[in-house]
$ cat entry_2.txt   # compact mmCIF, C-alpha atoms
# COMPACT_ATOMS: atom_id res chain seq x y z
CA MET A 212 0.00 0.00 0.00
CA ARG A 213 2.79 2.38 0.91
CA HIS A 214 4.58 1.88 -2.41
CA SER A 215 1.44 2.42 -4.46
CA SER A 216 0.74 5.67 -2.59
CA LEU A 217 4.27 6.86 -3.29
CA ALA A 218 3.94 5.90 -6.96
CA LEU A 219 0.65 7.78 -7.19
CA LEU A 220 2.19 10.83 -5.52
CA LEU A 221 5.16 10.81 -7.93
CA ALA A 222 2.91 10.34 -10.96
CA THR A 223 0.76 13.28 -9.84
CA ALA A 224 3.83 15.44 -9.23
CA PHE A 225 5.15 14.74 -12.73
CA ALA A 226 1.76 15.33 -14.32
CA LEU A 227 1.37 18.69 -12.58
CA SER A 228 4.99 19.73 -12.95
CA PRO A 229 5.52 23.24 -14.33
CA LEU A 230 8.37 21.84 -16.42
CA HIS A 231 5.77 20.44 -18.81
CA GLY A 232 5.03 23.95 -20.11
CA VAL A 233 8.69 24.96 -20.12
CA ALA A 234 9.82 22.03 -22.29
CA GLY A 235 8.90 23.87 -25.48
CA GLU A 236 9.94 27.33 -24.31
CA LYS A 237 11.89 29.27 -26.93
CA LYS A 238 14.33 31.97 -25.92
CA VAL A 239 13.68 35.17 -27.85
CA VAL A 240 16.88 37.00 -28.79
CA ASP A 241 15.24 39.65 -31.02
CA VAL A 242 11.66 40.95 -30.96
CA LYS A 243 11.64 40.52 -34.77
CA GLU A 244 10.95 36.84 -34.03
CA LEU A 245 7.44 37.86 -32.89
CA ALA A 246 6.55 39.73 -36.09
CA GLY A 247 3.38 38.54 -37.79
CA SER A 248 -0.22 37.70 -37.06
CA TRP A 249 -1.43 35.94 -33.92
CA ARG A 250 -4.83 34.60 -32.91
CA GLY A 251 -5.97 33.40 -29.51
CA TRP A 252 -7.79 34.05 -26.26
CA VAL A 253 -7.53 36.82 -23.69
CA THR A 254 -8.92 36.92 -20.18
CA ALA A 255 -11.32 39.85 -19.97
CA GLU A 256 -13.67 41.07 -17.26
CA SER A 257 -16.43 38.91 -18.73
CA GLY A 258 -14.24 35.79 -19.11
CA GLN A 259 -12.32 34.31 -22.05
CA GLU A 260 -12.62 36.21 -25.32
CA ARG A 261 -11.25 35.59 -28.84
CA ALA A 262 -8.55 38.04 -29.90
CA THR A 263 -6.12 38.83 -32.69
CA MET A 264 -2.78 40.58 -32.54
CA ASN A 265 -0.48 41.91 -35.25
CA VAL A 266 3.15 42.40 -34.25
CA GLN A 267 5.56 44.57 -36.24
CA PRO A 268 9.30 43.78 -36.61
CA ASP A 269 10.15 46.50 -34.04
CA GLY A 270 7.98 44.72 -31.43
CA SER A 271 5.06 47.16 -31.55
CA TYR A 272 1.63 45.56 -31.76
CA LYS A 273 -2.09 46.15 -32.03
CA ALA A 274 -4.46 43.66 -30.40
CA SER A 275 -8.24 43.51 -30.53
CA THR A 276 -11.02 41.28 -29.26
CA VAL A 277 -14.22 40.24 -30.99
CA SER A 278 -16.17 42.57 -28.68
CA GLY A 279 -14.15 45.57 -29.90
CA SER A 280 -11.64 46.10 -27.08
CA THR A 281 -8.25 47.20 -28.38
CA ALA A 282 -4.75 47.59 -27.01
CA ASP A 283 -1.57 49.01 -28.50
CA GLY A 284 1.78 48.06 -27.07
CA LYS A 285 5.33 46.98 -27.57
CA PHE A 286 7.37 43.88 -26.80
CA TYR A 287 10.96 44.45 -25.71
CA LEU A 288 13.90 42.60 -24.19
CA LYS A 289 15.43 43.61 -20.88
CA ASP A 290 18.29 41.60 -19.40
CA GLY A 291 17.37 38.72 -21.72
CA LYS A 292 13.76 38.64 -20.54
CA LEU A 293 10.83 39.21 -22.91
CA LEU A 294 8.54 41.93 -21.54
CA TYR A 295 5.69 44.05 -22.88
CA ARG A 296 4.10 47.40 -22.20
CA SER A 297 0.62 48.15 -23.53
CA SER A 298 -2.03 50.81 -23.29
CA ARG A 299 -3.66 48.59 -20.62
CA THR A 300 -0.97 46.62 -18.75
CA THR A 301 2.70 45.74 -18.44
CA GLY A 302 4.14 42.31 -17.82
CA THR A 303 6.04 39.32 -19.13
CA ALA A 304 5.73 37.33 -22.33
CA ARG A 305 6.85 33.82 -23.21
CA LEU A 306 7.25 32.14 -26.58
CA SER A 307 6.95 28.38 -26.85
CA GLU A 308 6.85 25.77 -29.60
CA GLU A 309 5.20 22.41 -29.32
CA GLY A 310 3.59 20.06 -31.80
CA GLY A 311 4.24 22.40 -34.72
CA LYS A 312 2.49 25.31 -33.00
CA THR A 313 4.12 28.53 -31.83
CA THR A 314 2.41 30.07 -28.82
CA LEU A 315 2.91 33.51 -27.29
CA THR A 316 1.71 33.84 -23.70
CA VAL A 317 1.34 37.33 -22.24
CA THR A 318 0.96 37.70 -18.46
CA PRO A 319 0.23 41.06 -16.79
CA GLU A 320 2.34 41.84 -13.74
CA ASP A 321 -0.69 43.22 -11.87
CA PRO A 322 -3.06 40.29 -11.28
CA ASN A 323 -5.69 42.67 -9.89
CA TYR A 324 -6.15 44.46 -13.19
CA ARG A 325 -9.37 43.76 -15.10
CA THR A 326 -7.60 41.55 -17.63
CA GLY A 327 -5.51 38.46 -17.17
CA LYS A 328 -3.26 36.19 -19.16
CA ALA A 329 -3.56 36.02 -22.93
CA GLU A 330 -2.46 33.14 -25.13
CA TYR A 331 -1.96 33.54 -28.87
CA GLU A 332 -1.02 31.08 -31.58
CA ARG A 333 0.97 32.23 -34.60
CA VAL A 334 -1.14 32.38 -37.79
CA LYS A 335 0.67 30.62 -40.62
$ encode --input "entry_2.txt" --output "structure tokens"
Amino acid sequence: MRHSSLALLLATAFALSPLHGVAGEKKVVDVKELAGSWRGWVTAESGQERATMNVQPDGSYKASTVSGSTADGKFYLKDGKLLYRSSRTTGTARLSEEGGKTTLTVTPEDPNYRTGKAEYERVK
């Protein structure tokens, strides 16, 4: 019984491990890597909402949701870390690749703001 409990605990720990999401993380060395069109979901006051974002080679972007909310901003690198500043929030960004999909996750540094994390997939 003791061994099966330990095995279950280890299996759960591996399944919930944050390393799962980091496995496909891609280090961004130039914001030009983000240039292009992105489509995904943002966390809004009313819940999850579809959104699109177009990023320019200089890191500037325009994002909009299906309900008409918009944000302008810019991605930039500071001390090797990908950050963003928008007309609504500031925070961190992470690029990952897995299963042939490139995902850009944007997380505001102020969790009390009306919006939360956004996740976009690159449009091919």
$ closest_residue --input "entry_2.txt" --among "A:Val277, A:Ala329, A:Val239, A:Ala282" --to "Val317 (chain A)" --atoms "all atoms listed in the file"
A:Ala329
$ residues_around --input "entry_2.txt" --residues "Arg299 (chain A)" --least-positions-apart "6" --cutoff "9 Å" --atoms "all atoms listed in the file" --output "PDB file with C-alpha atoms, keeping the file's coordinate frame"
ATOM      1  CA  ALA A 282      -4.750  47.590 -27.010  1.00  0.00           C
ATOM      2  CA  ASP A 283      -1.570  49.010 -28.500  1.00  0.00           C
ATOM      3  CA  GLY A 284       1.780  48.060 -27.070  1.00  0.00           C
ATOM      4  CA  TYR A 324      -6.150  44.460 -13.190  1.00  0.00           C
ATOM      5  CA  THR A 326      -7.600  41.550 -17.630  1.00  0.00           C
TER       6      THR A 326
END
$ atom_distance --input "entry_2.txt" --atom1 "CA of Glu236 (chain A)" --atom2 "CA of Leu306 (chain A)"
6.0 Å
$ closest_residue --input "entry_2.txt" --among "A:Val334, A:Thr318, A:Tyr295, A:Ser275" --to "Ala246 (chain A)" --atoms "all atoms listed in the file"
A:Val334
$ residues_around --input "entry_2.txt" --residues "Asp241 (chain A)" --least-positions-apart "5" --cutoff "12 Å" --atoms "all atoms listed in the file" --output "number ranges by chain"
A: 246, 268-270, 286-289, 291-294, 306
$ atom_distance --input "entry_2.txt" --atom1 "CA of Thr263 (chain A)" --atom2 "CA of Thr276 (chain A)"
6.5 Å
$ closest_residue --input "entry_2.txt" --among "A:Val240, A:Glu256, A:Tyr331, A:Ser271" --to "Leu315 (chain A)" --atoms "all atoms listed in the file"
A:Tyr331
$ residues_near_point --input "entry_2.txt" --point "(-8.1, 33.8, -30.4)" --cutoff "6 Å" --atoms "all atoms listed in the file" --output "list in words"
Arg250, Gly251, Trp252, Arg261, Ala262 and Thr263 of chain A
$ write_last_selection --input "entry_2.txt" --atoms "C-alpha atoms" --output "tab-separated table (two decimals), keeping the file's coordinate frame"
chain	number	residue	atom	x	y	z
A	250	ARG	CA	-4.83	34.60	-32.91
A	251	GLY	CA	-5.97	33.40	-29.51
A	252	TRP	CA	-7.79	34.05	-26.26
A	261	ARG	CA	-11.25	35.59	-28.84
A	262	ALA	CA	-8.55	38.04	-29.90
A	263	THR	CA	-6.12	38.83	-32.69
$ atom_distance --input "entry_2.txt" --atom1 "CA of Lys312 (chain A)" --atom2 "CA of Arg296 (chain A)"
24.6 Å
$ closest_residue --input "entry_2.txt" --among "A:Gly258, A:Gly302, A:Gly235, A:Gly327" --to "Thr314 (chain A)" --atoms "all atoms listed in the file"
A:Gly235
$ closest_residue --input "entry_2.txt" --among "A:Lys238, A:Ser280, A:Ser298, A:Glu260" --to "Lys328 (chain A)" --atoms "only C-alpha atoms"
A:Glu260
$ closest_residue --input "entry_2.txt" --among "A:Ser307, A:Gln259, A:Thr316, A:Thr301" --to "Lys285 (chain A)" --atoms "only C-alpha atoms"
A:Thr301
$ axis_aligned_box --input "entry_2.txt" --around "region 237-241 of chain A" --padding-each-side "6 Å" --output "lines of an AutoDock Vina configuration file"
center_x = 14.4
center_y = 34.5
center_z = -28.5
size_x = 17.0
size_y = 22.4
size_z = 17.1
$ build_atoms --input "entry_2.txt" --residues "region 239-251 of chain A" --atoms "N, CA and C atoms" --output "mmCIF file, in the frame of the given file"
data_model
loop_
_atom_site.group_PDB
_atom_site.id
_atom_site.type_symbol
_atom_site.label_atom_id
_atom_site.label_comp_id
_atom_site.auth_asym_id
_atom_site.auth_seq_id
_atom_site.Cartn_x
_atom_site.Cartn_y
_atom_site.Cartn_z
ATOM 1 N N VAL A 239 13.762 34.125 -26.827
ATOM 2 C CA VAL A 239 13.680 35.170 -27.850
ATOM 3 C C VAL A 239 14.925 36.042 -27.715
ATOM 4 N N VAL A 240 15.677 36.172 -28.811
ATOM 5 C CA VAL A 240 16.880 37.000 -28.790
ATOM 6 C C VAL A 240 16.673 38.329 -29.524
ATOM 7 N N ASP A 241 15.575 38.424 -30.293
ATOM 8 C CA ASP A 241 15.240 39.650 -31.020
ATOM 9 C C ASP A 241 13.724 39.705 -31.173
ATOM 10 N N VAL A 242 13.120 40.842 -30.867
ATOM 11 C CA VAL A 242 11.660 40.950 -30.960
ATOM 12 C C VAL A 242 11.153 40.736 -32.390
ATOM 13 N N LYS A 243 12.037 40.799 -33.383
ATOM 14 C CA LYS A 243 11.640 40.520 -34.770
ATOM 15 C C LYS A 243 11.050 39.124 -34.903
ATOM 16 N N GLU A 244 11.448 38.218 -34.009
ATOM 17 C CA GLU A 244 10.950 36.840 -34.030
ATOM 18 C C GLU A 244 9.438 36.784 -33.796
ATOM 19 N N LEU A 245 8.873 37.826 -33.196
ATOM 20 C CA LEU A 245 7.440 37.860 -32.890
ATOM 21 C C LEU A 245 6.608 38.442 -34.017
ATOM 22 N N ALA A 246 7.273 39.045 -35.014
ATOM 23 C CA ALA A 246 6.550 39.730 -36.090
ATOM 24 C C ALA A 246 5.587 38.790 -36.802
ATOM 25 N N GLY A 247 4.386 39.314 -37.065
ATOM 26 C CA GLY A 247 3.380 38.540 -37.790
ATOM 27 C C GLY A 247 2.031 38.611 -37.116
ATOM 28 N N SER A 248 1.151 37.735 -37.571
ATOM 29 C CA SER A 248 -0.220 37.700 -37.060
ATOM 30 C C SER A 248 -0.389 36.580 -36.053
ATOM 31 N N TRP A 249 -1.165 36.877 -35.010
ATOM 32 C CA TRP A 249 -1.430 35.940 -33.920
ATOM 33 C C TRP A 249 -2.923 35.919 -33.642
ATOM 34 N N ARG A 250 -3.418 34.745 -33.228
ATOM 35 C CA ARG A 250 -4.830 34.600 -32.910
ATOM 36 C C ARG A 250 -4.954 33.770 -31.640
ATOM 37 N N GLY A 251 -5.849 34.171 -30.732
ATOM 38 C CA GLY A 251 -5.970 33.400 -29.510
ATOM 39 C C GLY A 251 -7.071 33.863 -28.600
#
